Amino acid sequence: MDKNPFKPGQPKMPKQKGLKNIGFIVLIALIGWLLLSSYTKTPNLQTIPLSQVIHDANAGDYSKISVSGTTLKITKAGATTPSLQSTIGTYTDLKTDGLNLNKVQLEYKPVSSTGSVILSIVETLIPVLAIAFILFYILKSAQGQGNQALSFGKSKARLYGNEKQNVTFKNVAGSNEAKQDLEEIVEFLKFPKKFESVGARIPKGVLLIGPPGTGKTLLARAVAGEANVPYFSISGSEFVEMFVGVGASRVRDLFQKAKKNSPCIIFIDEIDAVGRRRGSGMGGGHDEREQTLNQILVEMDGFEQGTNVIVLAATNRADVLDPALLRPGRFDRRVNIDLPDRKDREAILKVHFKTKPLADKVDLKSLAAKSAGSSGADLANIANESAILAARNGHKEITQDDVTSAFEKVAIGPERKSKIMSDSDKELTAYHEAGHALVGHVLPDSDAVHKVTIIPRGGTGGVTWFIPPDDKSYHSIIEYKDVLARMLGGRIAEEVVYGRDRVTTGAGSDLQKAAELARDMIVNQGMGNKLRDQVFRVDEGMMIDRIVHEHDYSEDTAKIIDDEVETLISEAAKRATDVIRANRKYLDALKDELIEKETVEADTVIRLLEGSHLPKSASLY
């Protein structure tokens, strides 16, 4: 894992870029110093013979003569700085040579050549060093570009395995069946000779299949952590570039690195980016993606015995993968990772809340019951949002209200309390949501009402929330018909109260979902009356089929499907109408409570609707 030595919130500057900036500043400073020293340097002095110096000094042309060793520096009369120079012998005495000291000032200075020597050395070395630095910088930049060009075909996989705390199966809550399937892979990596001694072949690849957020990547890292082996991670999209052949080169480089670090694991996330079925209309026979796929096929089927390299790949679109990739000898095993059930959701929530200060009264079991259909990533998001809300509200511990608000925010969107509603709009919304709640409460196979609110949330004007008492794997026709009637309850309530011609656009989303559910019942589930036990599904993995053939059935059958969908919607609307007309006083009571309180919990809904009944005309039995 990347360890950032900088303090939290402090940006981390790339080391190479920082060194370049410092070097550039130093270079500018050196050049400036050279220019400054060239302008401030002592001007050159004119050299004259010693005899002329004595003659001119006695004539009164000089005001001062400075003697330093064997060097004379002469200042002319009226000047302030020396302009002439001369030399004398080591034992020369100017007094005996005829110099009249009454005409000129004579001074002796001690000889000190250290400063001049250092200055000369510095003045000589600085230009040389500056030029050398510039040449080194240019050559290094050119070498870096060359290395970048040469590494263009290298793998971009990240190597893990040296972390202090490896991920193991203990860090993965739920997914018990998937972990059992992957435990054998750990045994293969830990004790390969145990299986080879009895002639067992180590699996070449394991394909992890599941919806987004179910923990496929986490499970792959847990396998590497349990086996304590290196772990190469790369995304399928990182193989493909605009230049043909680069992806195949990166595949070769990745597998070469893996063989050198064996036993190890290669994890390819979103393998459908390069592993799509060939000949499906995506490009020609020699495009970059297919060359990359071909190289993966060759590498997976060409492992040497004893290399102990296993490929784990993750996807949520296994139906579009190439058959050659799925055959035995390549991806030998498939591990399905489904959405967690109630027990697994509770375990996942405990893992994510383990490091957070949680109040004693927080009920994670009830939260797990309410969050049916949530993935592990959704539950992690709920835990994080709970901590954010607790901090925003100034709580030292995460309370039950924080958890509930976070769950509702993730599930149905944040509240928009700032939106101002008129009294008429508020009454209309209250009738609409009360209609959903009343129909769902009365119908015997509908889910239980959890909460009703007229506070706008997300993109809706109000929400009526239903939660199933148990996780369900299957649904009957009767259950779906009750759901359809419940979806239309809001529109029907508006129609009963305000009249058919005064219904509003507030039911647009409800009608769309009802139409989708009804068509799915007929086309994909075989739940129609005339088309019972027949399905008409289009292969979504083939682009050409979707373009050329919109559906794989005749126009006559399409007309029957439309009629069946219309029948289901009409029946649901009639049942909702019968329920609301038979229980109008309960509808008004719940409407009044919503206008007053804006949000009504499940216990209050049950109390207000106590005594409501299912009319015989709305029963399916």
# chains A, B, ... in the order shown; residues from 1 in each chain; ligands from 1
>>> residues_around(residues="Ser237 (chain A)", least_positions_apart="4", cutoff="8 Å", atoms="only C-alpha atoms", output="number ranges by chain")
A: 270-271, 273-274
>>> residues_around(residues="Leu182 (chain A)", least_positions_apart="4", cutoff="9 Å", atoms="only C-alpha atoms", output="number ranges by chain")
A: 177-178, 186-187, 206, 219-220, 223, 335
>>> closest_residue(among="A:Leu325, A:Ala602, A:Val128, A:Ile54", to="Leu99 (chain A)", atoms="only C-alpha atoms")
A:Ile54
>>> residues_around(residues="region 393-395 of chain A", least_positions_apart="4", cutoff="12 Å", atoms="only C-alpha atoms", output="count of residues only")
12
>>> select_by_dssp(residues="region 245-478 of chain A", states="alpha helix (DSSP H)", output="PyMOL selection string")
chain A and resi 246-260+288-301+323-326+342-353+364-370+376-392+400-412+423-442+477-478
>>> residues_around(residues="Ile478 (chain A)", least_positions_apart="5", cutoff="9 Å", atoms="only C-alpha atoms", output="PyMOL selection string")
chain A and resi 445+483+620
>>> closest_atom_pairs(of="region 449-479 of chain A", to="region 371-376 of chain A", cutoff="10 Å", atoms="only C-alpha atoms", output="tab-separated table")
residue	atom	partner	partner_atom	distance
A:Ile467	CA	A:Ala372	CA	8.0
A:Pro468	CA	A:Ala372	CA	8.0
A:Pro469	CA	A:Ala372	CA	9.6
A:Asp470	CA	A:Ala372	CA	8.4
A:Asp471	CA	A:Ala372	CA	6.5
A:Lys472	CA	A:Ala372	CA	9.1
>>> closest_residue(among="A:Pro444, A:Gly413, A:Gly611, A:Gly499", to="Gly462 (chain A)", atoms="only C-alpha atoms")
A:Gly413
>>> residues_around(residues="Ile561 (chain A)", least_positions_apart="2", cutoff="12 Å", atoms="only C-alpha atoms", output="VMD selection string")
chain A and resid 518 to 524 526 to 532 534 to 536 551 553 to 559 563 to 568
>>> residues_around(residues="region 51-53 of chain A", least_positions_apart="2", cutoff="10 Å", atoms="only C-alpha atoms", output="list of chain:residue names")
A:Ile48, A:Pro49, A:His55, A:Asp56, A:Ala57, A:Asn58, A:Ala59, A:Asp61, A:Tyr62, A:Ile65, A:Leu72, A:Ile74, A:Leu84, A:Gln85, A:Ser86, A:Asp97, A:Gly98, A:Leu99
>>> closest_residue(among="A:Ser617, A:Asn228, A:Asn171, A:Asn308", to="Gly205 (chain A)", atoms="only C-alpha atoms")
A:Asn308
>>> select_by_dssp(residues="region 344-541 of chain A", states="strand (DSSP E or B)", output="PyMOL selection string")
chain A and resi 358+398+415+448-453+457+460+463-467
>>> write_last_selection(atoms="N, CA and C atoms", output="JSON list (two decimals), in the first residue's frame")
[["chain", "number", "residue", "atom", "x", "y", "z"],
["A", 358, "LEU", "N", -19.63, 3.65, 17.94],
["A", 358, "LEU", "CA", -21.05, 3.37, 17.77],
["A", 358, "LEU", "C", -21.75, 3.36, 19.12],
["A", 398, "ILE", "N", -21.86, 7.59, 17.00],
["A", 398, "ILE", "CA", -22.86, 7.46, 15.95],
["A", 398, "ILE", "C", -24.14, 6.93, 16.57],
["A", 415, "GLU", "N", -32.89, 14.57, 1.80],
["A", 415, "GLU", "CA", -34.09, 15.41, 1.93],
["A", 415, "GLU", "C", -33.83, 16.79, 1.34],
["A", 448, "ALA", "N", -44.67, -4.70, 3.60],
["A", 448, "ALA", "CA", -45.15, -3.83, 4.67],
["A", 448, "ALA", "C", -44.66, -2.40, 4.47],
["A", 449, "VAL", "N", -45.49, -1.45, 4.89],
["A", 449, "VAL", "CA", -45.11, -0.04, 4.81],
["A", 449, "VAL", "C", -44.07, 0.25, 5.88],
["A", 450, "HIS", "N", -42.98, 0.92, 5.48],
["A", 450, "HIS", "CA", -41.92, 1.26, 6.41],
["A", 450, "HIS", "C", -41.98, 2.74, 6.82],
["A", 451, "LYS", "N", -42.25, 3.61, 5.87],
["A", 451, "LYS", "CA", -42.29, 5.05, 6.16],
["A", 451, "LYS", "C", -42.98, 5.76, 5.01],
["A", 452, "VAL", "N", -43.68, 6.83, 5.35],
["A", 452, "VAL", "CA", -44.33, 7.68, 4.34],
["A", 452, "VAL", "C", -43.93, 9.12, 4.64],
["A", 453, "THR", "N", -43.50, 9.85, 3.62],
["A", 453, "THR", "CA", -43.10, 11.24, 3.80],
["A", 453, "THR", "C", -43.50, 12.07, 2.59],
["A", 457, "ARG", "N", -37.42, 14.15, -1.67],
["A", 457, "ARG", "CA", -36.14, 13.46, -1.51],
["A", 457, "ARG", "C", -35.65, 13.09, -2.90],
["A", 460, "THR", "N", -37.84, 13.06, -6.24],
["A", 460, "THR", "CA", -39.26, 12.81, -6.01],
["A", 460, "THR", "C", -39.85, 13.87, -5.10],
["A", 463, "VAL", "N", -42.14, 10.18, -0.74],
["A", 463, "VAL", "CA", -41.74, 8.77, -0.80],
["A", 463, "VAL", "C", -42.64, 7.95, 0.11],
["A", 464, "THR", "N", -43.11, 6.81, -0.43],
["A", 464, "THR", "CA", -43.74, 5.78, 0.38],
["A", 464, "THR", "C", -42.86, 4.55, 0.29],
["A", 465, "TRP", "N", -42.33, 4.14, 1.42],
["A", 465, "TRP", "CA", -41.28, 3.13, 1.44],
["A", 465, "TRP", "C", -41.85, 1.81, 1.94],
["A", 466, "PHE", "N", -41.64, 0.76, 1.13],
["A", 466, "PHE", "CA", -42.06, -0.59, 1.49],
["A", 466, "PHE", "C", -40.82, -1.46, 1.65],
["A", 467, "ILE", "N", -40.80, -2.27, 2.70],
["A", 467, "ILE", "CA", -39.67, -3.16, 2.95],
["A", 467, "ILE", "C", -40.20, -4.58, 3.15]]
>>> atom_distance(atom1="CA of Arg342 (chain A)", atom2="CA of Thr315 (chain A)")
23.9 Å
